[in-house]
Structure formats: structure tokens, C-alpha cells
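Trainee: Input final-v2.csv, format and content: CSV, C-alpha atoms.
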chain,number,residue,atom,x,y,z
W,1,MET,CA,91.9,103.6,110.2
W,2,PHE,CA,93.6,105.9,107.7
W,3,ILE,CA,93.8,102.9,105.3
W,4,THR,CA,90.2,102.1,105.8
W,5,LEU,CA,89.2,105.8,105.2
W,6,GLY,CA,91.4,105.9,102.1
W,7,LEU,CA,89.7,102.7,100.7
W,8,LEU,CA,86.3,104.2,101.4
W,9,ILE,CA,87.2,107.4,99.5
W,10,LEU,CA,88.6,105.4,96.6
W,11,PHE,CA,85.5,103.3,96.4
W,12,VAL,CA,83.2,106.4,96.4
W,13,ILE,CA,85.3,108.1,93.7
W,14,SER,CA,85.3,104.9,91.5
W,15,TYR,CA,81.5,104.6,92.0
W,16,VAL,CA,80.8,108.1,91.0
W,17,VAL,CA,83.0,107.8,87.9
W,18,ASP,CA,81.1,104.7,86.7
W,19,PHE,CA,79.0,102.5,89.0
W,20,ARG,CA,79.1,99.8,86.4
W,21,GLN,CA,82.8,99.0,86.9
W,22,TYR,CA,83.4,95.5,88.3
W,23,LYS,CA,86.4,96.7,90.2
W,24,ASN,CA,84.0,98.6,92.5
W,25,VAL,CA,83.0,95.2,94.0
W,26,PHE,CA,86.7,94.6,94.9
W,27,LEU,CA,87.1,98.1,96.3
W,28,LEU,CA,84.0,97.6,98.4
W,29,GLY,CA,85.4,94.3,99.7
W,30,MET,CA,88.8,95.8,100.5
W,31,PHE,CA,87.1,98.6,102.5
W,32,LEU,CA,84.9,96.2,104.5
W,33,ILE,CA,87.8,93.8,105.2
W,34,SER,CA,89.9,96.8,106.3
W,35,LEU,CA,87.1,98.0,108.5
W,36,PHE,CA,86.5,94.6,110.0
W,37,SER,CA,90.2,94.0,110.6
W,38,SER,CA,90.6,97.4,112.3
W,39,ILE,CA,87.7,96.6,114.7
W,40,VAL,CA,88.9,93.0,115.4
W,41,VAL,CA,92.7,93.7,115.8
W,42,GLY,CA,92.4,97.2,117.2
W,43,ILE,CA,89.5,96.7,119.6
W,44,LEU,CA,88.2,93.1,120.2
W,45,ILE,CA,91.5,91.3,120.5
W,46,PRO,CA,93.1,93.7,123.0
W,47,PHE,CA,89.8,94.1,124.9
W,48,LEU,CA,89.3,90.3,125.2
W,49,ASN,CA,93.1,89.6,125.5
W,50,LEU,CA,93.0,87.0,122.7
W,51,HIS,CA,96.0,85.4,120.9
W,52,MET,CA,95.6,84.5,117.2
W,53,ASN,CA,96.2,80.9,116.2
W,54,ILE,CA,94.9,78.1,114.0
W,55,ASN,CA,92.2,77.2,116.5
W,56,TYR,CA,90.5,80.5,116.0
W,57,LEU,CA,90.4,79.9,112.3
W,58,LEU,CA,88.8,76.5,112.8
W,59,MET,CA,86.3,78.0,115.2
W,60,THR,CA,85.5,80.8,112.8
W,61,ASN,CA,84.9,78.3,110.0
W,62,ILE,CA,82.5,76.2,112.2
W,63,ILE,CA,80.5,79.2,113.3
W,64,TYR,CA,80.3,80.7,109.8
W,65,GLY,CA,79.4,77.3,108.4
W,66,LEU,CA,76.6,76.9,110.9
W,67,ILE,CA,75.2,80.3,110.0
W,68,VAL,CA,75.2,79.6,106.3
W,69,ILE,CA,73.6,76.2,106.8
W,70,VAL,CA,70.8,77.7,108.9
W,71,VAL,CA,70.2,80.3,106.1
W,72,MET,CA,70.3,77.5,103.5
W,73,LEU,CA,67.7,75.4,105.4
W,74,LEU,CA,65.4,78.4,105.9
W,75,SER,CA,65.6,79.1,102.1
W,76,LEU,CA,64.7,75.5,101.3
W,77,LEU,CA,61.5,75.9,103.3
W,78,ASN,CA,60.3,78.3,100.6
W,79,LEU,CA,61.6,76.1,97.7
W,80,LYS,CA,58.2,74.3,97.2
W,81,LYS,CA,56.4,77.7,97.2
W,82,LYS,CA,58.8,79.1,94.7
W,83,ILE,CA,58.3,76.2,92.3
W,84,ALA,CA,54.5,76.5,92.6
W,85,ASN,CA,54.6,80.3,91.8
W,86,GLU,CA,57.4,80.5,89.2
W,87,GLY,CA,57.3,77.2,87.4
W,88,ARG,CA,59.3,74.1,87.8
W,89,PHE,CA,62.7,75.1,86.4
W,90,VAL,CA,66.0,73.3,87.0
W,91,THR,CA,67.5,76.6,88.4
W,92,ASN,CA,65.1,76.2,91.3
W,93,MET,CA,67.5,73.6,92.6
W,94,ILE,CA,70.6,75.8,92.6
W,95,VAL,CA,70.4,76.5,96.2
W,96,LEU,CA,70.7,72.7,96.9
W,97,GLY,CA,74.0,72.7,95.1
W,98,TYR,CA,75.4,75.7,97.0
W,99,GLY,CA,74.1,74.2,100.2
W,100,THR,CA,75.9,70.9,99.5
W,101,PHE,CA,79.2,72.8,99.0
W,102,ILE,CA,78.7,74.6,102.3
W,103,PHE,CA,77.7,71.4,104.1
W,104,LEU,CA,80.6,69.3,102.9
W,105,ASN,CA,83.1,72.0,103.9
W,106,PHE,CA,81.4,72.3,107.3
W,107,LEU,CA,81.6,68.5,107.9
W,108,ILE,CA,85.3,68.2,107.0
W,109,ILE,CA,86.3,71.1,109.3
W,110,LEU,CA,84.0,70.0,112.1
W,111,PHE,CA,84.8,66.3,112.3
W,112,LYS,CA,88.3,65.9,110.6
W,113,PRO,CA,90.2,69.1,111.4
W,114,HIS,CA,93.3,67.2,112.5
W,115,LEU,CA,93.8,65.9,109.0
W,116,PHE,CA,94.5,69.5,108.0
W,117,VAL,CA,96.3,70.8,111.0
W,118,ASP,CA,98.7,68.0,111.3
W,119,TYR,CA,100.2,68.5,107.8
W,120,PHE,CA,102.3,71.5,106.6
W,121,ASN,CA,101.7,73.5,109.8
W,122,GLY,CA,98.0,73.8,109.1
W,123,LEU,CA,98.6,75.0,105.5
W,124,ILE,CA,95.9,72.8,104.1
W,125,VAL,CA,93.2,74.2,106.3
W,126,ILE,CA,94.4,77.7,105.5
W,127,VAL,CA,94.1,77.0,101.8
W,128,ILE,CA,90.7,75.5,102.1
W,129,SER,CA,89.5,78.3,104.3
W,130,PHE,CA,90.9,80.8,101.8
W,131,PHE,CA,88.7,79.3,99.0
W,132,PHE,CA,85.8,79.0,101.3
W,133,TYR,CA,85.9,82.6,102.5
W,134,TYR,CA,86.9,84.1,99.1
W,135,LEU,CA,83.9,82.5,97.3
W,136,ASN,CA,81.5,83.4,100.1
W,137,LEU,CA,82.9,87.0,100.4
W,138,ILE,CA,82.5,87.6,96.7
W,139,PHE,CA,78.9,86.2,97.0
W,140,ILE,CA,78.1,88.7,99.8
W,141,LEU,CA,79.8,91.6,98.0
W,142,HIS,CA,77.8,90.9,94.8
W,143,ASN,CA,74.6,91.0,96.7
W,144,LEU,CA,75.5,94.0,98.8
W,145,TYR,CA,76.7,96.0,95.8
W,146,SER,CA,73.5,95.0,94.0
W,147,TRP,CA,71.4,96.6,96.7
W,148,ILE,CA,73.7,99.7,96.7
W,149,LEU,CA,73.0,100.0,92.9
W,150,SER,CA,69.3,99.6,93.5
W,151,GLY,CA,69.3,102.4,96.1
W,152,VAL,CA,71.7,104.9,94.8
W,153,ALA,CA,72.4,104.3,91.1
W,154,LYS,CA,72.6,107.4,89.1
W,155,ARG,CA,69.1,108.5,87.8
W,156,LYS,CA,69.1,110.0,84.3
W,157,LYS,CA,66.4,111.4,82.1
W,158,SER,CA,65.8,108.3,79.9
W,159,ASN,CA,64.5,108.0,76.3
W,160,PHE,CA,63.8,104.3,76.8
W,161,ILE,CA,62.8,102.0,79.5
W,162,ILE,CA,64.1,98.5,78.8
W,163,VAL,CA,62.2,95.7,80.7
W,164,LEU,CA,64.3,92.5,80.7
W,165,GLY,CA,62.2,89.3,80.2
W,166,ALA,CA,61.9,86.4,82.5
W,167,GLY,CA,60.0,83.1,82.2
W,168,ILE,CA,56.2,83.1,81.7
W,169,ILE,CA,53.6,80.6,82.6
W,170,GLY,CA,51.3,79.9,79.7
W,171,GLU,CA,50.5,83.3,78.3
W,172,LYS,CA,50.7,85.1,81.6
W,173,VAL,CA,53.7,86.9,83.3
W,174,THR,CA,55.0,85.4,86.5
W,175,PRO,CA,55.0,87.4,89.7
W,176,LEU,CA,58.7,88.0,89.1
W,177,LEU,CA,58.2,89.5,85.7
W,178,LYS,CA,55.1,91.4,87.0
W,179,ALA,CA,57.4,93.2,89.5
W,180,ARG,CA,59.6,94.4,86.7
W,181,LEU,CA,56.7,95.6,84.6
W,182,ASP,CA,55.1,97.4,87.6
W,183,LYS,CA,58.4,99.2,88.2
W,184,ALA,CA,58.5,100.2,84.5
W,185,ILE,CA,54.9,101.5,84.8
W,186,LYS,CA,56.0,103.8,87.7
W,187,LEU,CA,58.9,105.1,85.7
W,188,LYS,CA,56.7,105.7,82.7
W,189,LYS,CA,54.2,107.7,84.7
W,190,LYS,CA,57.0,110.0,85.7
W,191,SER,CA,58.1,110.5,82.1
W,192,LEU,CA,55.2,110.2,79.7
W,193,ASP,CA,57.4,110.7,76.5
W,194,THR,CA,59.6,107.7,77.4
W,195,LEU,CA,59.1,104.6,75.3
W,196,ILE,CA,59.1,101.1,76.9
W,197,ILE,CA,61.0,98.3,75.2
W,198,VAL,CA,59.8,94.8,76.4
W,199,SER,CA,62.6,92.4,75.7
W,200,GLY,CA,62.3,88.6,75.6
W,201,GLY,CA,61.9,85.8,73.1
W,202,GLN,CA,59.8,82.7,73.1
W,203,GLY,CA,61.1,79.7,74.9
W,204,PRO,CA,60.5,76.1,73.7
W,205,ASP,CA,57.9,75.6,76.5
W,206,GLU,CA,56.2,79.0,76.1
W,207,LYS,CA,53.0,79.6,74.0
W,208,ILE,CA,53.9,83.2,73.1
W,209,SER,CA,57.0,85.3,73.4
W,210,GLU,CA,57.9,87.0,76.7
W,211,ALA,CA,57.7,90.3,74.9
W,212,GLU,CA,54.1,89.7,73.8
W,213,ALA,CA,53.1,88.6,77.3
W,214,MET,CA,54.7,91.8,78.7
W,215,ARG,CA,53.0,94.0,76.1
W,216,ARG,CA,49.6,92.6,77.0
W,217,TYR,CA,50.1,93.2,80.7
W,218,LEU,CA,51.2,96.8,80.1
W,219,VAL,CA,48.2,97.5,77.9
W,220,ASP,CA,45.9,96.0,80.5
W,221,GLN,CA,47.5,98.4,83.0
W,222,GLY,CA,46.7,101.4,80.9
W,223,ILE,CA,50.0,101.9,78.9
W,224,ARG,CA,49.3,102.9,75.3
W,225,ASN,CA,50.2,100.2,72.8
W,226,GLU,CA,52.1,102.8,70.7
W,227,ASP,CA,54.4,103.5,73.6
W,228,ILE,CA,55.5,99.9,73.7
W,229,ILE,CA,58.2,98.4,71.5
W,230,MET,CA,58.6,94.7,71.3
W,231,GLU,CA,62.0,92.9,71.1
W,232,ASP,CA,61.1,89.2,70.8
W,233,GLU,CA,64.2,87.5,69.6
W,234,SER,CA,66.5,87.5,72.6
W,235,THR,CA,67.2,84.3,74.7
W,236,ASN,CA,69.4,85.7,77.5
W,237,THR,CA,70.2,88.9,79.3
W,238,GLU,CA,73.1,89.9,77.0
W,239,GLU,CA,70.9,89.4,73.9
W,240,ASN,CA,68.1,91.4,75.7
W,241,LEU,CA,70.5,94.4,75.8
W,242,VAL,CA,72.2,93.9,72.4
W,243,PHE,CA,68.9,93.7,70.5
W,244,SER,CA,67.3,96.5,72.6
W,245,ASN,CA,70.3,98.7,72.0
W,246,LYS,CA,69.9,98.2,68.2
W,247,ILE,CA,66.2,99.2,68.5
W,248,MET,CA,67.2,102.4,70.4
W,249,ASP,CA,69.7,103.3,67.7
W,250,LYS,CA,67.0,103.2,65.1
W,251,TYR,CA,64.8,105.7,67.0
W,252,LYS,CA,67.5,108.0,68.5
W,253,SER,CA,71.2,108.3,68.3
W,254,GLU,CA,73.0,108.2,71.7
W,255,ALA,CA,69.8,107.3,73.5
W,256,ILE,CA,69.8,107.0,77.3
W,257,ALA,CA,68.1,103.9,78.7
W,258,THR,CA,66.8,102.8,82.1
W,259,ILE,CA,67.2,99.0,82.4
W,260,VAL,CA,64.5,97.5,84.6
W,261,SER,CA,64.9,94.1,86.2
W,262,ASN,CA,64.8,92.8,89.8
W,263,HIS,CA,67.1,93.7,92.6
W,264,PHE,CA,69.1,90.5,92.3
W,265,HIS,CA,69.5,90.9,88.5
W,266,ILE,CA,70.4,94.5,88.0
W,267,LEU,CA,74.1,94.0,88.9
W,268,ARG,CA,74.7,91.7,85.9
W,269,ALA,CA,72.6,94.0,83.7
W,270,ALA,CA,74.7,97.0,84.8
W,271,PHE,CA,78.0,95.2,84.0
W,272,LEU,CA,76.7,94.0,80.6
W,273,SER,CA,75.4,97.4,79.7
W,274,LYS,CA,78.9,98.8,80.3
W,275,LYS,CA,80.4,95.9,78.2
W,276,LEU,CA,78.1,96.9,75.3
W,277,ASN,CA,78.9,100.6,75.7
W,278,MET,CA,75.3,101.5,76.4
W,279,ASN,CA,74.4,104.8,78.0
W,280,ALA,CA,72.3,103.4,80.7
W,281,THR,CA,71.3,103.2,84.4
W,282,VAL,CA,69.6,100.4,86.2
W,283,THR,CA,66.8,99.9,88.7
W,284,GLY,CA,65.1,97.0,90.3
W,285,GLY,CA,61.6,95.9,91.1
W,286,SER,CA,60.8,94.0,94.3
W,287,SER,CA,60.4,90.3,94.4
W,288,LYS,CA,58.8,87.8,96.7
W,289,SER,CA,61.1,86.7,99.5
W,290,TYR,CA,61.0,83.0,98.4
W,291,PHE,CA,62.7,83.9,95.1
W,292,TYR,CA,65.8,85.5,96.5
W,293,PRO,CA,68.0,82.6,97.6
W,294,ASN,CA,68.1,80.8,94.3
W,295,ALA,CA,68.1,84.1,92.3
W,296,TYR,CA,71.1,85.6,94.1
W,297,ILE,CA,73.1,82.3,93.9
W,298,ARG,CA,72.3,82.0,90.2
W,299,GLU,CA,73.4,85.6,89.5
W,300,TYR,CA,76.5,85.1,91.6
W,301,LEU,CA,77.5,82.1,89.5
W,302,ALA,CA,76.8,84.0,86.3
W,303,ILE,CA,78.8,87.0,87.2
W,304,LEU,CA,81.6,84.8,88.6
W,305,TYR,CA,81.8,83.1,85.2
W,306,MET,CA,81.5,86.4,83.4
W,307,TYR,CA,84.7,87.6,85.2
W,308,LYS,CA,86.4,84.3,85.6
W,309,LYS,CA,89.8,85.5,84.4
W,310,THR,CA,89.7,88.3,87.0
W,311,HIS,CA,88.9,85.8,89.8
W,312,ILE,CA,91.5,83.2,88.7
W,313,ILE,CA,94.2,85.9,88.8
W,314,ALA,CA,93.0,87.2,92.1
W,315,ILE,CA,92.9,83.7,93.6
W,316,ILE,CA,96.4,82.8,92.3
W,317,VAL,CA,98.0,86.0,93.6
W,318,MET,CA,96.3,86.0,97.1
W,319,LEU,CA,96.8,82.2,97.5
W,320,ALA,CA,100.5,82.6,96.7
W,321,LEU,CA,100.9,85.3,99.3
W,322,VAL,CA,99.0,83.3,101.9
W,323,ILE,CA,101.1,80.1,101.2
W,324,SER,CA,104.4,82.0,101.2
W,325,TYR,CA,103.6,83.8,104.5
W,326,THR,CA,102.5,80.5,106.1
W,327,LEU,CA,105.7,78.6,105.0
W,328,LEU,CA,108.0,81.4,106.0
W,329,ALA,CA,106.3,81.8,109.4
W,330,GLY,CA,106.5,78.1,109.9
In C-alpha cells, write the structure found in this file.

Mentor:
Amino acid sequence: MFITLGLLILFVISYVVDFRQYKNVFLLGMFLISLFSSIVVGILIPFLNLHMNINYLLMTNIIYGLIVIVVMLLSLLNLKKKIANEGRFVTNMIVLGYGTFIFLNFLIILFKPHLFVDYFNGLIVIVISFFFYYLNLIFILHNLYSWILSGVAKRKKSNFIIVLGAGIIGEKVTPLLKARLDKAIKLKKKSLDTLIIVSGGQGPDEKISEAEAMRRYLVDQGIRNEDIIMEDESTNTEENLVFSNKIMDKYKSEAIATIVSNHFHILRAAFLSKKLNMNATVTGGSSKSYFYPNAYIREYLAILYMYKKTHIIAIIVMLALVISYTLLAG
């Protein structure tokens, strides 16, 4: 438990120093794994008089696979509703790809486990399980840390509120984008001298820019037009922040910004703001429940790619340790 407590303290210190450090995700994971291991090894196994072997690993995979599949199926029930409310985007089908990955892994482990166990002392099933749990653990940690940021991110007196764009339908903001704007309006009412930067260009299938659609919505909600600055050239999150940062520099040197998005998106926004050396904090607006499955998976993949070198090194090192231990033990 001393190791667990030490990891918790290390995570808290690192978070306080800068909550936008990606290493915080790993520190959070190490703490949770240590806590879980302490409970299982120190309490459950002695209490239930269990003995660890490959069968427990197989059973754990099957149970976890079933849980993920149930969650996947529940999220698919809302897919039709999401498409109707947010538009028919290709990204709406991301959950299907993730579900397929989970389902195939589940089928192999459930129906053909002997193919793995019979070779190399179960090394194959251990390697597959490692990839399976690593990718899913990182997915869970991303989402958990995103909610931690949303709840306890440092709040600073901001000079600017940056609202990150999302897709629009016609000339109207979607419910997703409306949630971001409503959050910005609440922040604006608490600090009347803060300027709002609406950031988003015009897509090939959009009649007007996302920035213009956001400006119109804010004006309709009572925000003065002179308190709104449009950034209508960006095409992705990084460009949102790069171009908005240039606008802030024109108005005020060393400006402080509050970046507004949705809960699932603020994690990537936070990491990008650190990469761009912005003095910023993040906050998220609420979204409809049907949007979360696809959104969290999409953000997970985006951040995974953003830090691909980090994950490749982590996988190689941990996999080498796992294989070495397995071969030596065999």
C-alpha cells in the first residue's frame, strides 16, 4: 500500500505542476493498477483461497469482453438518434470499428483458447491479452482523466474564452456545438470584460463558417457583437488553437485563455494547448448521452496517434518484460 500511496502523491504533484502533461495519464494508470493489485492480491485471493494460473486470465478476458460488448450494443441503440441529430458523418461509425475489434478478440478467446494455451506455455494468449488490456486501459484512463480535468482543472482569470468549432447543419449550430456555446455564455456572464473567440472554418458541405454560425447564436442569446471575435480559417482542433492564439497575441501579450469544448474533447485540447505553449485552462460543456460512445472513441484514437511514439516505446518495453518473465518462468 505504500507504493500505491506514493504513486497517488506523485500523480497529485504532477497534476498540480501542470495538468496538461500526458505523463499524468500514465501516473493515474500506475496508481489505479497498484490499487487494484493490492486489493486483489492482498485481500481477494487470500480470502477466496485462489491460485493464479492461465485459466483465470482466460476467464478475465471473457468476462471483460462480455462487458465491453454489452456496452457497445447499448451505444449502438443510440447510433440512429445521433445521426439524426448531429448529421450523417463517417465518424458516427467509429463505434462499429471498435466494437468489431472487441468482438473478434472475444470470439478467439472464447472458442479457440487452446490454440493459444498449447503453444509456448500460453505466451500467445498473454501477448494478445497484453495488447487487449493495454489499449482498453489507455482508453479508460483517457476518459477518466478527461472527467477529472472537467471537474478540477485550474480556473484562471481569463482574458479570452475560446470556443472550439464543431460541425453545423445548414446555418445552425448542432446540439453539440450549442452545449459549448452555452458554457461560454455562462463564463462570459461571470467575467463581462472577457472576449469570446469563436473558432471554426467553413467545411465543403457547410453554407457558412462555423465561426459565423456560432457568432449568430451568441448574439441571439444576448452577447454583444463587439465582444465576439471570429476565427474562420481553421479546419481542425490544432488550427483552432494556433489561429486563436495569434488573435490573442494581437490584442494582449501573454493573454490567458479558457478553452471551451465538450467533456470528451477537452483532454486533447489541453494537450495541444501545452504543445503550443498557450497559457490556458480548459472546461467542457455537457453533451447528449447518445454522442459519448463515438466521441470518446474518436478522441481516444486521436490522442493515441498524437502520442504514438510514447505508446510504441511503452508497449515494446512492457511486452519485453512480460515475454521475458513468461519464458523464464516456463

Trainee: Give me, as a ChimeraX atom specification, all polymer residues having an atom no more than 10 Å from Ile162 of chain W, counting all atoms listed in the file and skipping those fewer than 5 positions away in the same chain.

Mentor: /W:180-181,184,195-199,229,231,240-241,244-245,248,257-261,280,282

Trainee: Please measure the separation of atom CA of Ile266 of chain W and atom CA of Phe160 of chain W, giving the value in Å to one decimal.

Mentor: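 So the answer is 16.3 Å.
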
Trainee: Given the point (77.6, 90.0, 87.7) in the coordinates of this file, which residues lie within 6 Å, counting all atoms listed in the file, and how would they look as a PyMOL selection string?

Mentor: chain W and resi 267-268+303

Trainee: What lies within 9 Å of Lys172 of chain W using all atoms listed in the file, ignoring chain neighbours under 6 positions off, as a short mmCIF file (atom, residue, chain, number, x, y, z; two decimals) with C-alpha atoms, in the coordinates of the input?

Mentor:
data_model
loop_
_atom_site.label_atom_id
_atom_site.label_comp_id
_atom_site.auth_asym_id
_atom_site.auth_seq_id
_atom_site.Cartn_x
_atom_site.Cartn_y
_atom_site.Cartn_z
CA GLU W 210 57.90 87.00 76.70
CA ALA W 213 53.10 88.60 77.30
CA MET W 214 54.70 91.80 78.70
CA ARG W 216 49.60 92.60 77.00
CA TYR W 217 50.10 93.20 80.70
#

Trainee: Between W:Tyr305, W:Phe11, W:Tyr300, W:Phe36, which is the closest to Ile138 of chain W once you count only C-alpha atoms?

Mentor: W:Tyr300

Trainee: Provide the atom CA of Gly201 of chain W to atom CA of Phe243 of chain W distance in Å, to one decimal place.

Mentor: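 Result for atom CA of Gly201 of chain W versus atom CA of Phe243 of chain W: 10.9 Å, one decimal.
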
Trainee: Please indicate the distance in Å from atom CA of Leu7 of chain W to atom CA of Phe31 of chain W, rounded to one decimal place.

Mentor: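 Separation between atom CA of Leu7 of chain W and atom CA of Phe31 of chain W: 5.2 Å.
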